[in-house]
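Working notes, beginning with the structure itself.
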Amino acid sequence: MNKSPKTPSPSRPAADARWAVLDLLATLTLLVRDDGLVLFANSATEDVMGVPRRSIEGDLLQNYFVDASALLRALQGARKEQFSALRYDAHLQRAGQEAFPVHVIVAPADRPGEVLVELLPLEQQARQDREARIIDQAQANKELIRNLAHEIKNPLGGIRGAAQLLQMEIESRDLIEYTQVIIREADRLQTLVDRLLAPHRRPHVVAAVNIHEVCERVRSLILAEFPRGLQVVRDYDASLPEFRGDMEQLIQAVLNIAHNAAQALVERIAEGDGEIVLQTRIARQVTFGKKRYRLALELHVLDNGPGIPEAIKDRLFFPLVSGRDGGSGLGLNLAQTFVQQHQGLIECDSVPGRTDFKILIPLP
């Protein structure tokens, strides 16, 4: 890197007092003057750049970019107060390493002449965008399901009642069979509507939850249904604390995911080498759902099945979408709804031979 001569760094105590909170962020965050001089760099910047923050502070931020022209224009715009925040993509250069792609966010700070610069690795930005899309889709799906289910339910009762009255008035056995078909199909649709409305009807019962009790309940239920050819492996982090939640909802959410995994493993179960892993971990300083959490529960449900078909990967949590013949397509949608009621999120990563459903729930 061709560096300009370093300017003496400002007083660290003053900078620390104002900006020490930025050390809690996992993204690279710097306070710079509007000429690019770095006043403060958080610890994430130090970690990613691979140099002590004191080497960055007092240096020009543009020295760390492959092409600094966009940064200089952004700093000039901040100086002239032309925007509240500006975003663009760029590449950081690090000594002895390949250029590092980042999404840059430039915003004026709380004092004149100072600018806050946030650098998000593009992979992380893509993940945050995906999470936001999942949450927005789930909310839209929830409203659609509730409205559609109510619109179906009212005329459905009328259809069933009319068929029952008609059945009482006719004597022909053949015609009675037709009315019975109407009644049975109306009952089937009523059951489907009830399942769609179930998560919105049941009260959210909050109590202390041990996630490993949830996993053990699910493990017992899965092994009872698939007693041969399937291993359900425990990989628990015993240090995970209890948290406030609805245990029955969480059991149902994890069971829906694990049950889907077991059904996808039918061929491997027949060969005797089907495997589901229930893995718990603590995640630190994580961002999901556009919020930052100091601690979060990570519960992974992994299987060694064929993977999720490409055709439905982007619609996996939509209602009535299923990759299995005869599947209702409600299990994952209900699981996502239950987890979101705990301010959490379910993500999925799937390739042939390994599918990973990750449940994230914030911890106190």
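Ordering of the structure tokens sets the chain letters (A, B, ...); residue numbers start at 1 within each chain; ligands are numbered from 1 in the order shown.
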Name the residues in contact with A:Gln93 at a cut-off of 7 Å, using only C-alpha atoms, excluding same-chain residues fewer than 2 positions from it; report them as a tab-separated table (two decimals) with N, CA and C atoms, in the first residue's frame.
```
chain	number	residue	atom	x	y	z
A	64	TYR	N	-6.51	2.59	2.31
A	64	TYR	CA	-6.85	1.19	2.50
A	64	TYR	C	-7.83	0.67	1.44
A	65	PHE	N	-8.11	1.49	0.42
A	65	PHE	CA	-9.01	1.09	-0.66
A	65	PHE	C	-8.24	0.86	-1.94
A	66	VAL	N	-8.65	-0.13	-2.71
A	66	VAL	CA	-8.04	-0.38	-4.02
A	66	VAL	C	-8.28	0.82	-4.92
A	91	HIS	N	-13.54	-2.34	-2.66
A	91	HIS	CA	-12.61	-3.38	-2.24
A	91	HIS	C	-11.56	-2.79	-1.32
A	95	ALA	N	-2.47	-5.83	3.53
A	95	ALA	CA	-1.09	-6.20	3.25
A	95	ALA	C	-0.95	-7.71	3.12
A	98	GLU	N	-5.49	-10.88	-0.55
A	98	GLU	CA	-6.31	-10.46	-1.67
A	98	GLU	C	-7.23	-9.31	-1.26
A	99	ALA	N	-7.67	-8.55	-2.25
A	99	ALA	CA	-8.62	-7.47	-1.99
A	99	ALA	C	-9.89	-8.04	-1.38
A	100	PHE	N	-10.49	-7.26	-0.48
A	100	PHE	CA	-11.60	-7.73	0.33
A	100	PHE	C	-12.86	-6.95	-0.05
```
Against stretch 282-287 of chain A, which residues of stretch 329-358 of chain A fall within 12 Å? For each one I want the closest pair of atoms and the distance in Å (one decimal), counting only C-alpha atoms, rows by chain and increasing residue number, as a Markdown table.
```
| residue | atom | partner | partner_atom | distance |
| --- | --- | --- | --- | --- |
| A:Gly344 | CA | A:Thr287 | CA | 10.9 |
| A:Leu345 | CA | A:Thr287 | CA | 11.0 |
| A:Lys358 | CA | A:Ala283 | CA | 11.6 |
```
Report task. Rank nothing, just name the residue among A:Asp303, A:Asp59, A:Glu216, A:Glu298 nearest to A:His259, using only C-alpha atoms. Result ->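 Looking at the shortest contact to A:His259, the residue is A:Asp303.
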**Report entry** Distance of atom CA of A:Asp314 from atom CA of A:Ala90, expressed in Å to one decimal place
**Finding:**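 Between atom CA of A:Ala90 and atom CA of A:Asp314 the gap works out to 27.7 Å.
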Query raised in the report: Which residue gives the smallest distance to A:Ile56 among A:Val38, A:Ala44, A:Val339, A:Val193, with only C-alpha atoms counted?
Result: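 Using only C-alpha atoms, A:Ile56 sits closest to A:Val38.
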Query raised in the report: Within 6 Å of stretch 102-107 of chain A, counting only C-alpha atoms, which residues qualify if same-chain residues fewer than 4 places away don't, as JSON, numbers by chain?
Result: {"A": [84, 85, 86, 87, 88, 89, 90, 91, 115, 116, 117, 118, 119, 120, 121, 122]}
Report summary line: Here atom CA of A:Asp174 and atom CA of A:Thr191 stand apart by 26.2 Å
Could you give me, as a compact mmCIF listing (two decimals) with N, CA and C atoms, in the first residue's frame, the residues within 10 Å of A:Ile346, counting only C-alpha atoms and dropping anything in the same chain fewer than 6 positions from it?
```
# COMPACT_ATOMS: atom_id res chain seq x y z
N GLU A 131 -32.19 -12.24 5.15
CA GLU A 131 -32.99 -12.33 6.39
C GLU A 131 -34.15 -11.35 6.36
N ILE A 134 -36.81 -12.73 4.15
CA ILE A 134 -37.55 -13.83 4.79
C ILE A 134 -38.59 -13.28 5.76
N ILE A 135 -38.20 -12.28 6.56
CA ILE A 135 -39.11 -11.71 7.54
C ILE A 135 -40.28 -11.01 6.85
N ALA A 253 -42.15 -26.40 16.33
CA ALA A 253 -41.31 -25.85 15.26
C ALA A 253 -40.15 -26.79 14.93
N GLU A 298 -28.32 -20.65 18.74
CA GLU A 298 -28.28 -21.26 17.41
C GLU A 298 -28.63 -22.73 17.57
N LEU A 299 -29.74 -23.13 16.99
CA LEU A 299 -30.13 -24.54 16.98
C LEU A 299 -30.13 -25.02 15.54
N HIS A 300 -29.26 -25.98 15.25
CA HIS A 300 -29.16 -26.53 13.90
C HIS A 300 -29.83 -27.90 13.86
N PHE A 317 -40.43 -21.42 2.81
CA PHE A 317 -41.27 -21.12 3.97
C PHE A 317 -42.64 -20.58 3.57
N LEU A 332 -43.12 -26.05 7.54
CA LEU A 332 -42.06 -25.06 7.66
C LEU A 332 -42.64 -23.66 7.85
N ALA A 335 -43.48 -23.49 11.45
CA ALA A 335 -42.24 -23.40 12.23
C ALA A 335 -41.69 -21.98 12.21
N GLN A 336 -41.65 -21.37 11.02
CA GLN A 336 -41.15 -19.99 10.92
C GLN A 336 -42.03 -19.03 11.73
N THR A 337 -43.35 -19.24 11.68
CA THR A 337 -44.27 -18.38 12.45
C THR A 337 -44.00 -18.50 13.95
N PHE A 338 -43.85 -19.73 14.44
CA PHE A 338 -43.61 -19.94 15.87
C PHE A 338 -42.28 -19.33 16.31
N VAL A 339 -41.24 -19.50 15.50
CA VAL A 339 -39.93 -18.95 15.86
C VAL A 339 -39.96 -17.42 15.82
N GLN A 340 -40.65 -16.85 14.85
CA GLN A 340 -40.74 -15.39 14.78
C GLN A 340 -41.51 -14.81 15.96
N PHE A 357 -30.95 -26.60 8.70
CA PHE A 357 -31.93 -25.59 9.13
C PHE A 357 -31.41 -25.00 10.43
N LYS A 358 -31.22 -23.67 10.42
CA LYS A 358 -30.68 -22.97 11.59
C LYS A 358 -31.75 -22.08 12.20
N ILE A 359 -32.06 -22.35 13.47
CA ILE A 359 -33.00 -21.53 14.23
C ILE A 359 -32.20 -20.55 15.09
N LEU A 360 -32.46 -19.27 14.94
CA LEU A 360 -31.81 -18.23 15.74
C LEU A 360 -32.85 -17.59 16.64
N ILE A 361 -32.57 -17.55 17.93
CA ILE A 361 -33.48 -16.91 18.90
C ILE A 361 -32.62 -16.06 19.84
```
Requested in this report: Mind listing the alpha helix (DSSP H) residues of stretch 218-309 of chain A, per DSSP on the backbone, as a PyMOL selection string?
Outcome: chain A and resi 218-225+247-264+266-271
I'd like the neighbourhood of A:Arg268 as a PDB file with C-alpha atoms, in the first residue's frame, where a residue qualifies if any of its atoms comes within 10 Å (using only C-alpha atoms), though same-chain residues fewer than 6 positions away should be ignored.
```
ATOM      1  CA  GLY A 229     -32.120 -47.009  10.072  1.00  0.00           C
ATOM      2  CA  LEU A 230     -32.058 -43.490  11.537  1.00  0.00           C
ATOM      3  CA  ALA A 262     -36.665 -37.767   8.379  1.00  0.00           C
ATOM      4  CA  GLY A 274     -29.915 -41.959   7.827  1.00  0.00           C
ATOM      5  CA  GLU A 275     -28.703 -39.272  10.230  1.00  0.00           C
ATOM      6  CA  ASN A 304     -27.527 -36.194   5.306  1.00  0.00           C
ATOM      7  CA  GLY A 305     -30.389 -36.408   2.825  1.00  0.00           C
ATOM      8  CA  PRO A 306     -30.592 -35.472  -0.864  1.00  0.00           C
TER       9      PRO A 306
END
```
Report task. Would you mind listing what lies within 12 Å of A:Gly272 as a PyMOL selection string, with only C-alpha atoms counted and same-chain residues fewer than 6 positions away left out? Result -> chain A and resi 226-231+265-266
Query raised in the report: How many Å lie between atom CA of A:Leu240 and atom CA of A:Val48, rounded to one decimal?
Result: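 Straight-line distance from atom CA of A:Leu240 to atom CA of A:Val48 works out to 28.0 Å.
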Query raised in the report: Can you list every residue in stretch 28-259 of chain A that DSSP puts in strand (DSSP E or B), as a ChimeraX atom specification?
Result: /A:28-33,37-41,60,65,86-92,100-108,114-121,207-209,230-235,243-245
Take the residues just selected and output them with N, CA and C atoms as a CSV table (one decimal), in the first residue's frame.
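Below you can see again.csv, which holds the result:
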```csv
chain,number,residue,atom,x,y,z
A,28,LEU,N,-17.1,-3.6,10.5
A,28,LEU,CA,-16.0,-2.6,10.5
A,28,LEU,C,-16.6,-1.2,10.6
A,29,THR,N,-16.3,-0.4,11.6
A,29,THR,CA,-16.8,0.9,11.8
A,29,THR,C,-15.7,1.9,12.2
A,30,LEU,N,-15.6,3.0,11.4
A,30,LEU,CA,-14.6,4.0,11.7
A,30,LEU,C,-15.2,5.4,11.8
A,31,LEU,N,-14.6,6.2,12.6
A,31,LEU,CA,-14.9,7.6,12.6
A,31,LEU,C,-13.8,8.3,11.9
A,32,VAL,N,-14.1,9.1,10.9
A,32,VAL,CA,-13.1,9.8,10.2
A,32,VAL,C,-13.4,11.3,10.0
A,33,ARG,N,-12.4,12.1,9.8
A,33,ARG,CA,-12.6,13.5,9.4
A,33,ARG,C,-13.1,13.5,8.0
A,37,LEU,N,-9.1,11.4,7.3
A,37,LEU,CA,-8.2,11.0,8.4
A,37,LEU,C,-9.0,10.2,9.4
A,38,VAL,N,-8.5,9.0,9.8
A,38,VAL,CA,-9.2,8.1,10.7
A,38,VAL,C,-9.0,8.6,12.2
A,39,LEU,N,-10.1,8.9,12.9
A,39,LEU,CA,-10.0,9.3,14.3
A,39,LEU,C,-10.2,8.1,15.2
A,40,PHE,N,-11.0,7.1,14.8
A,40,PHE,CA,-11.3,6.0,15.6
A,40,PHE,C,-11.6,4.8,14.7
A,41,ALA,N,-11.0,3.6,15.0
A,41,ALA,CA,-11.4,2.4,14.4
A,41,ALA,C,-11.8,1.3,15.4
A,60,LEU,N,-4.9,7.9,6.7
A,60,LEU,CA,-6.0,8.3,5.8
A,60,LEU,C,-6.7,7.0,5.3
A,65,PHE,N,-8.1,1.5,0.4
A,65,PHE,CA,-9.0,1.1,-0.7
A,65,PHE,C,-8.2,0.9,-1.9
A,86,LEU,N,-24.9,7.4,2.4
A,86,LEU,CA,-24.5,7.0,1.1
A,86,LEU,C,-24.0,5.6,1.1
A,87,ARG,N,-24.4,4.8,0.1
A,87,ARG,CA,-23.9,3.4,0.1
A,87,ARG,C,-23.3,3.1,-1.3
A,88,TYR,N,-22.3,2.3,-1.2
A,88,TYR,CA,-21.7,1.8,-2.5
A,88,TYR,C,-20.8,0.6,-2.2
A,89,ASP,N,-20.4,-0.2,-3.2
A,89,ASP,CA,-19.5,-1.3,-3.0
A,89,ASP,C,-18.1,-1.0,-3.4
A,90,ALA,N,-17.1,-1.6,-2.7
A,90,ALA,CA,-15.7,-1.3,-3.0
A,90,ALA,C,-14.9,-2.5,-2.5
A,91,HIS,N,-13.5,-2.3,-2.7
A,91,HIS,CA,-12.6,-3.4,-2.2
A,91,HIS,C,-11.6,-2.8,-1.3
A,92,LEU,N,-11.4,-3.4,-0.2
A,92,LEU,CA,-10.3,-3.0,0.8
A,92,LEU,C,-9.1,-3.8,0.3
A,100,PHE,N,-10.5,-7.3,-0.5
A,100,PHE,CA,-11.6,-7.7,0.3
A,100,PHE,C,-12.9,-6.9,-0.1
A,101,PRO,N,-13.9,-7.6,-0.7
A,101,PRO,CA,-15.1,-6.8,-1.1
A,101,PRO,C,-15.9,-6.4,0.1
A,102,VAL,N,-16.3,-5.2,0.1
A,102,VAL,CA,-17.2,-4.7,1.2
A,102,VAL,C,-18.3,-3.8,0.6
A,103,HIS,N,-19.3,-3.6,1.4
A,103,HIS,CA,-20.4,-2.6,1.2
A,103,HIS,C,-20.1,-1.5,2.1
A,104,VAL,N,-19.9,-0.3,1.5
A,104,VAL,CA,-19.6,0.9,2.3
A,104,VAL,C,-20.8,1.8,2.6
A,105,ILE,N,-20.9,2.2,3.9
A,105,ILE,CA,-22.0,3.1,4.2
A,105,ILE,C,-21.3,4.3,4.9
A,106,VAL,N,-21.6,5.5,4.3
A,106,VAL,CA,-21.0,6.8,4.7
A,106,VAL,C,-22.1,7.7,5.2
A,107,ALA,N,-22.0,8.2,6.4
A,107,ALA,CA,-23.0,9.0,7.0
A,107,ALA,C,-22.3,10.1,7.9
A,108,PRO,N,-22.8,11.3,7.8
A,108,PRO,CA,-22.3,12.4,8.7
A,108,PRO,C,-22.4,12.0,10.2
A,114,GLU,N,-17.0,15.5,10.9
A,114,GLU,CA,-16.7,14.1,11.2
A,114,GLU,C,-17.7,13.2,10.5
A,115,VAL,N,-17.2,12.1,10.0
A,115,VAL,CA,-18.1,11.1,9.2
A,115,VAL,C,-17.9,9.7,9.8
A,116,LEU,N,-19.0,9.0,9.8
A,116,LEU,CA,-19.0,7.6,10.3
A,116,LEU,C,-19.0,6.7,9.0
A,117,VAL,N,-18.1,5.8,8.9
A,117,VAL,CA,-17.9,4.9,7.8
A,117,VAL,C,-18.1,3.5,8.3
A,118,GLU,N,-19.0,2.8,7.7
A,118,GLU,CA,-19.3,1.4,8.1
A,118,GLU,C,-19.0,0.5,6.9
A,119,LEU,N,-18.2,-0.6,7.1
A,119,LEU,CA,-17.8,-1.5,6.1
A,119,LEU,C,-18.3,-2.9,6.3
A,120,LEU,N,-19.3,-3.3,5.5
A,120,LEU,CA,-19.9,-4.6,5.7
A,120,LEU,C,-19.3,-5.6,4.6
A,121,PRO,N,-18.7,-6.7,5.1
A,121,PRO,CA,-18.4,-7.7,4.1
A,121,PRO,C,-19.6,-8.1,3.2
A,207,ALA,N,-42.9,-19.2,29.5
A,207,ALA,CA,-42.3,-19.7,30.7
A,207,ALA,C,-40.8,-19.9,30.4
A,208,ALA,N,-40.1,-20.4,31.4
A,208,ALA,CA,-38.7,-20.7,31.3
A,208,ALA,C,-38.5,-21.9,30.3
A,209,VAL,N,-37.6,-21.8,29.4
A,209,VAL,CA,-37.4,-22.9,28.4
A,209,VAL,C,-36.0,-23.3,28.4
A,230,LEU,N,-32.2,-44.9,11.3
A,230,LEU,CA,-32.1,-43.5,11.5
A,230,LEU,C,-31.4,-43.2,12.9
A,231,GLN,N,-30.3,-42.4,12.8
A,231,GLN,CA,-29.7,-42.0,14.0
A,231,GLN,C,-30.0,-40.5,14.3
A,232,VAL,N,-30.4,-40.1,15.5
A,232,VAL,CA,-30.6,-38.7,15.8
A,232,VAL,C,-29.5,-38.4,16.8
A,233,VAL,N,-28.5,-37.7,16.4
A,233,VAL,CA,-27.3,-37.4,17.1
A,233,VAL,C,-27.5,-36.1,17.9
A,234,ARG,N,-27.1,-36.2,19.2
A,234,ARG,CA,-27.0,-35.0,20.1
A,234,ARG,C,-25.7,-34.3,20.0
A,235,ASP,N,-25.7,-33.0,19.8
A,235,ASP,CA,-24.4,-32.2,19.8
A,235,ASP,C,-24.8,-30.9,20.5
A,243,PHE,N,-34.2,-19.5,28.7
A,243,PHE,CA,-34.7,-18.2,28.2
A,243,PHE,C,-36.3,-18.3,28.3
A,244,ARG,N,-36.9,-17.2,28.2
A,244,ARG,CA,-38.4,-17.1,28.2
A,244,ARG,C,-39.0,-17.4,26.9
A,245,GLY,N,-39.9,-18.3,26.8
A,245,GLY,CA,-40.5,-18.7,25.5
A,245,GLY,C,-41.6,-19.7,25.7
```
